[in-house]
Amino acid sequence: MIVPLTHLLILASILFALGLLCVLIWRSNVIMMLIGIEIMLNAAMLVFVAGSNHWGMADGQVFALMIMAMTSAEVSLALAMVVYLHRRKKTVNVDEFRELRDQ
Amino acid sequence: MEQTLFYIMATVIVIATIFAISEKHPVHAIVYLVTSFFALAVVFYLLAAPLIAMFEVIIYAGAVMVLFMFVIMMLDQGSPEDAERPPLMHYLPALVLTGITLVSLVLLLTNRSPVAAAAVAPRLVSVKEFAITLFNQYGVAIEIISMQLLFAIVGVLYLGRRRKP
């Protein structure tokens, strides 16, 4: 272990908070919201790899790989949905898609 | 040496991510985010996970970010003049939630409890051990992930099909 686990957890928490900030602020651009989700998933992956290193088990790295596969599926589906909504509304502002909301 | 490199890379990650989320052009944000991912790959390498570091560069910085860039170019969102910052009203809930997160982090750090489990002696998880764990213990998870990727393909094909006007 090159640095204490606490420092890695602090770094991951700061990254997660930044991703949360990005998702909540950029409601006017759905692509920036997806970027925020990427940042949060990276923070989660950092925690898994740090735990894997701390306890000397391979399981954390396996789950980091699972998160990566999940992210690629999620991003491809979400971006296809962005393209579809942009075709209908000519915008990427999330507030314009309000007919998806339950009335 | 490794400690110094880790702290430098942690600083690079945080600063590049701050630049990425405060940038109003999505293309610039993607470029900053790729910088952050490269630094994160170095951190993974320092944590004795070279396989994950490689996947980080190949899948995240390579495939996912290029997909983002492709969609931005396809939707013509890359022009700098019509980029605008979100309205001030949107900042409030974000700042409240992030403040709560950071304050709880600080509270956790100030009254720290003794560390529960002592660290096991560090040892390198080899690729062989990684693969054995992956395919022996988590075979069901691999099946679920493959089904998830299949569903993603079906969904993307459905959403992206050419509709008759």
# chains A, B, ... in the order shown; residues from 1 in each chain; ligands from 1
call {"tool": "closest_atom_pairs", "arguments": {"of": "chain B", "to": "chain A", "cutoff": "7 Å", "atoms": "only C-alpha atoms", "output": "JSON lines"}}
result
{"residue": "B:Glu2", "atom": "CA", "partner": "A:Ile2", "partner_atom": "CA", "distance": 6.6}
{"residue": "B:Gln3", "atom": "CA", "partner": "A:Ile2", "partner_atom": "CA", "distance": 6.1}
{"residue": "B:Ala10", "atom": "CA", "partner": "A:Leu11", "partner_atom": "CA", "distance": 6.9}
{"residue": "B:Val14", "atom": "CA", "partner": "A:Leu15", "partner_atom": "CA", "distance": 6.8}
{"residue": "B:Ile21", "atom": "CA", "partner": "A:Cys22", "partner_atom": "CA", "distance": 5.6}
{"residue": "B:Pro26", "atom": "CA", "partner": "A:Met32", "partner_atom": "CA", "distance": 6.8}
{"residue": "B:Leu47", "atom": "CA", "partner": "A:Asn53", "partner_atom": "CA", "distance": 6.0}
{"residue": "B:Ala48", "atom": "CA", "partner": "A:Asn53", "partner_atom": "CA", "distance": 6.8}
{"residue": "B:Ile52", "atom": "CA", "partner": "A:Gln61", "partner_atom": "CA", "distance": 6.8}
{"residue": "B:Val64", "atom": "CA", "partner": "A:Ser72", "partner_atom": "CA", "distance": 6.6}
{"residue": "B:Pro86", "atom": "CA", "partner": "A:Ser28", "partner_atom": "CA", "distance": 6.0}
{"residue": "B:His90", "atom": "CA", "partner": "A:Ile25", "partner_atom": "CA", "distance": 5.5}
{"residue": "B:Tyr91", "atom": "CA", "partner": "A:Ile25", "partner_atom": "CA", "distance": 5.5}
{"residue": "B:Ala94", "atom": "CA", "partner": "A:Leu24", "partner_atom": "CA", "distance": 5.1}
{"residue": "B:Leu95", "atom": "CA", "partner": "A:Leu21", "partner_atom": "CA", "distance": 7.0}
{"residue": "B:Thr98", "atom": "CA", "partner": "A:Ala17", "partner_atom": "CA", "distance": 5.6}
{"residue": "B:Thr101", "atom": "CA", "partner": "A:Ala17", "partner_atom": "CA", "distance": 6.7}
{"residue": "B:Ala119", "atom": "CA", "partner": "A:His54", "partner_atom": "CA", "distance": 5.8}
{"residue": "B:Val120", "atom": "CA", "partner": "A:Trp55", "partner_atom": "CA", "distance": 5.4}
{"residue": "B:Pro122", "atom": "CA", "partner": "A:Met1", "partner_atom": "CA", "distance": 5.9}
{"residue": "B:Arg123", "atom": "CA", "partner": "A:Gly56", "partner_atom": "CA", "distance": 6.0}
{"residue": "B:Val125", "atom": "CA", "partner": "A:Ala58", "partner_atom": "CA", "distance": 6.1}
{"residue": "B:Glu129", "atom": "CA", "partner": "A:Ala58", "partner_atom": "CA", "distance": 7.0}
{"residue": "B:Phe130", "atom": "CA", "partner": "A:Ala58", "partner_atom": "CA", "distance": 5.5}
{"residue": "B:Thr133", "atom": "CA", "partner": "A:Ala58", "partner_atom": "CA", "distance": 6.7}
{"residue": "B:Leu134", "atom": "CA", "partner": "A:Val62", "partner_atom": "CA", "distance": 6.0}
{"residue": "B:Ile145", "atom": "CA", "partner": "A:Ala69", "partner_atom": "CA", "distance": 6.9}
{"residue": "B:Leu149", "atom": "CA", "partner": "A:Ala73", "partner_atom": "CA", "distance": 5.5}
{"residue": "B:Ala152", "atom": "CA", "partner": "A:Ala73", "partner_atom": "CA", "distance": 5.6}
{"residue": "B:Gly155", "atom": "CA", "partner": "A:Leu77", "partner_atom": "CA", "distance": 6.6}
{"residue": "B:Val156", "atom": "CA", "partner": "A:Leu77", "partner_atom": "CA", "distance": 5.5}
{"residue": "B:Leu159", "atom": "CA", "partner": "A:Ala80", "partner_atom": "CA", "distance": 6.4}
{"residue": "B:Gly160", "atom": "CA", "partner": "A:Ala80", "partner_atom": "CA", "distance": 6.5}
call {"tool": "select_by_dssp", "arguments": {"residues": "chain A", "states": "helix (DSSP H, G or I)", "output": "PyMOL selection string"}}
result
chain A and resi 5-25+30-55+59-89+94-96+98-100
call {"tool": "atom_distance", "arguments": {"atom1": "CA of Val66 in chain B", "atom2": "CA of Arg98 in chain A"}}
result
28.9 Å
call {"tool": "atom_distance", "arguments": {"atom1": "CA of Met9 in chain B", "atom2": "CA of Ser36 in chain B"}}
result
8.8 Å
call {"tool": "atom_distance", "arguments": {"atom1": "CA of Tyr7 in chain B", "atom2": "CA of Val27 in chain B"}}
result
27.4 Å
call {"tool": "decode", "arguments": {"residues": "range 76-90 of chain A", "atoms": "all heavy atoms", "output": "compact mmCIF listing (two decimals), in the first residue's frame"}}
result
# COMPACT_ATOMS: atom_id res chain seq x y z
N SER A 76 -23.82 3.95 -24.19
CA SER A 76 -24.27 3.79 -25.57
C SER A 76 -25.79 3.95 -25.65
O SER A 76 -26.31 4.64 -26.55
CB SER A 76 -23.84 2.43 -26.11
OG SER A 76 -24.33 1.42 -25.28
N LEU A 77 -26.51 3.39 -24.68
CA LEU A 77 -27.97 3.51 -24.68
C LEU A 77 -28.39 4.95 -24.44
O LEU A 77 -29.28 5.48 -25.13
CB LEU A 77 -28.54 2.58 -23.61
CG LEU A 77 -30.01 2.24 -23.72
CD1 LEU A 77 -30.32 1.80 -25.12
CD2 LEU A 77 -30.33 1.13 -22.76
N ALA A 78 -27.72 5.61 -23.47
CA ALA A 78 -28.12 6.99 -23.14
C ALA A 78 -27.83 7.93 -24.31
O ALA A 78 -28.63 8.82 -24.60
CB ALA A 78 -27.38 7.45 -21.89
N LEU A 79 -26.70 7.73 -24.99
CA LEU A 79 -26.40 8.62 -26.10
C LEU A 79 -27.33 8.37 -27.28
O LEU A 79 -27.70 9.31 -27.98
CB LEU A 79 -24.93 8.46 -26.51
CG LEU A 79 -23.97 9.13 -25.55
CD1 LEU A 79 -22.55 8.87 -25.97
CD2 LEU A 79 -24.20 10.61 -25.47
N ALA A 80 -27.74 7.11 -27.48
CA ALA A 80 -28.74 6.85 -28.53
C ALA A 80 -30.04 7.55 -28.19
O ALA A 80 -30.71 8.11 -29.09
CB ALA A 80 -28.97 5.35 -28.67
N MET A 81 -30.38 7.57 -26.90
CA MET A 81 -31.60 8.27 -26.50
C MET A 81 -31.46 9.78 -26.70
O MET A 81 -32.41 10.45 -27.10
CB MET A 81 -31.91 7.95 -25.04
CG MET A 81 -33.34 8.16 -24.68
SD MET A 81 -33.66 7.52 -23.07
CE MET A 81 -33.60 5.78 -23.37
N VAL A 82 -30.26 10.32 -26.44
CA VAL A 82 -30.03 11.75 -26.68
C VAL A 82 -30.21 12.08 -28.15
O VAL A 82 -30.86 13.08 -28.51
CB VAL A 82 -28.60 12.13 -26.21
CG1 VAL A 82 -28.26 13.53 -26.68
CG2 VAL A 82 -28.50 12.07 -24.72
N VAL A 83 -29.67 11.22 -29.02
CA VAL A 83 -29.82 11.46 -30.46
C VAL A 83 -31.29 11.42 -30.87
O VAL A 83 -31.77 12.27 -31.63
CB VAL A 83 -29.00 10.42 -31.25
CG1 VAL A 83 -29.29 10.52 -32.73
CG2 VAL A 83 -27.53 10.63 -31.01
N TYR A 84 -32.03 10.46 -30.30
CA TYR A 84 -33.45 10.34 -30.63
C TYR A 84 -34.23 11.57 -30.17
O TYR A 84 -35.04 12.13 -30.92
CB TYR A 84 -33.98 9.07 -29.96
CG TYR A 84 -35.46 8.89 -30.07
CD1 TYR A 84 -36.04 8.60 -31.30
CD2 TYR A 84 -36.28 9.00 -28.96
CE1 TYR A 84 -37.40 8.43 -31.41
CE2 TYR A 84 -37.62 8.83 -29.05
CZ TYR A 84 -38.19 8.56 -30.28
OH TYR A 84 -39.53 8.41 -30.38
N LEU A 85 -33.96 12.01 -28.93
CA LEU A 85 -34.69 13.17 -28.41
C LEU A 85 -34.29 14.44 -29.17
O LEU A 85 -35.13 15.32 -29.38
CB LEU A 85 -34.41 13.34 -26.92
CG LEU A 85 -35.04 12.26 -26.05
CD1 LEU A 85 -34.58 12.40 -24.62
CD2 LEU A 85 -36.54 12.35 -26.10
N HIS A 86 -33.02 14.52 -29.57
CA HIS A 86 -32.60 15.69 -30.33
C HIS A 86 -33.27 15.73 -31.69
O HIS A 86 -33.57 16.79 -32.22
CB HIS A 86 -31.08 15.68 -30.49
CG HIS A 86 -30.54 16.90 -31.12
ND1 HIS A 86 -30.33 17.01 -32.47
CD2 HIS A 86 -30.17 18.10 -30.59
CE1 HIS A 86 -29.86 18.21 -32.75
NE2 HIS A 86 -29.75 18.88 -31.63
N ARG A 87 -33.54 14.55 -32.26
CA ARG A 87 -34.25 14.52 -33.54
C ARG A 87 -35.67 15.06 -33.38
O ARG A 87 -36.20 15.69 -34.28
CB ARG A 87 -34.31 13.08 -34.02
CG ARG A 87 -33.50 12.82 -35.26
CD ARG A 87 -33.76 11.42 -35.74
NE ARG A 87 -32.53 10.69 -35.90
CZ ARG A 87 -32.47 9.36 -35.84
NH1 ARG A 87 -33.55 8.66 -35.60
NH2 ARG A 87 -31.34 8.75 -36.04
N ARG A 88 -36.27 14.78 -32.24
CA ARG A 88 -37.66 15.21 -32.06
C ARG A 88 -37.77 16.66 -31.65
O ARG A 88 -38.68 17.36 -32.09
CB ARG A 88 -38.34 14.35 -30.99
CG ARG A 88 -38.54 12.94 -31.45
CD ARG A 88 -39.31 12.16 -30.44
NE ARG A 88 -40.57 12.81 -30.12
CZ ARG A 88 -41.55 12.18 -29.49
NH1 ARG A 88 -41.38 10.93 -29.14
NH2 ARG A 88 -42.65 12.80 -29.22
N LYS A 89 -36.85 17.13 -30.79
CA LYS A 89 -37.03 18.46 -30.18
C LYS A 89 -36.00 19.48 -30.63
O LYS A 89 -36.10 20.65 -30.27
CB LYS A 89 -36.96 18.32 -28.66
CG LYS A 89 -38.17 17.70 -28.06
CD LYS A 89 -39.27 18.73 -27.90
CE LYS A 89 -40.36 18.17 -27.03
NZ LYS A 89 -41.39 19.19 -26.80
N LYS A 90 -34.93 19.05 -31.30
CA LYS A 90 -33.84 19.94 -31.72
C LYS A 90 -33.18 20.65 -30.55
O LYS A 90 -32.77 21.79 -30.65
CB LYS A 90 -34.34 21.00 -32.72
CG LYS A 90 -35.04 20.44 -33.93
CD LYS A 90 -34.06 19.74 -34.83
CE LYS A 90 -34.80 19.09 -35.98
NZ LYS A 90 -34.21 17.83 -36.37
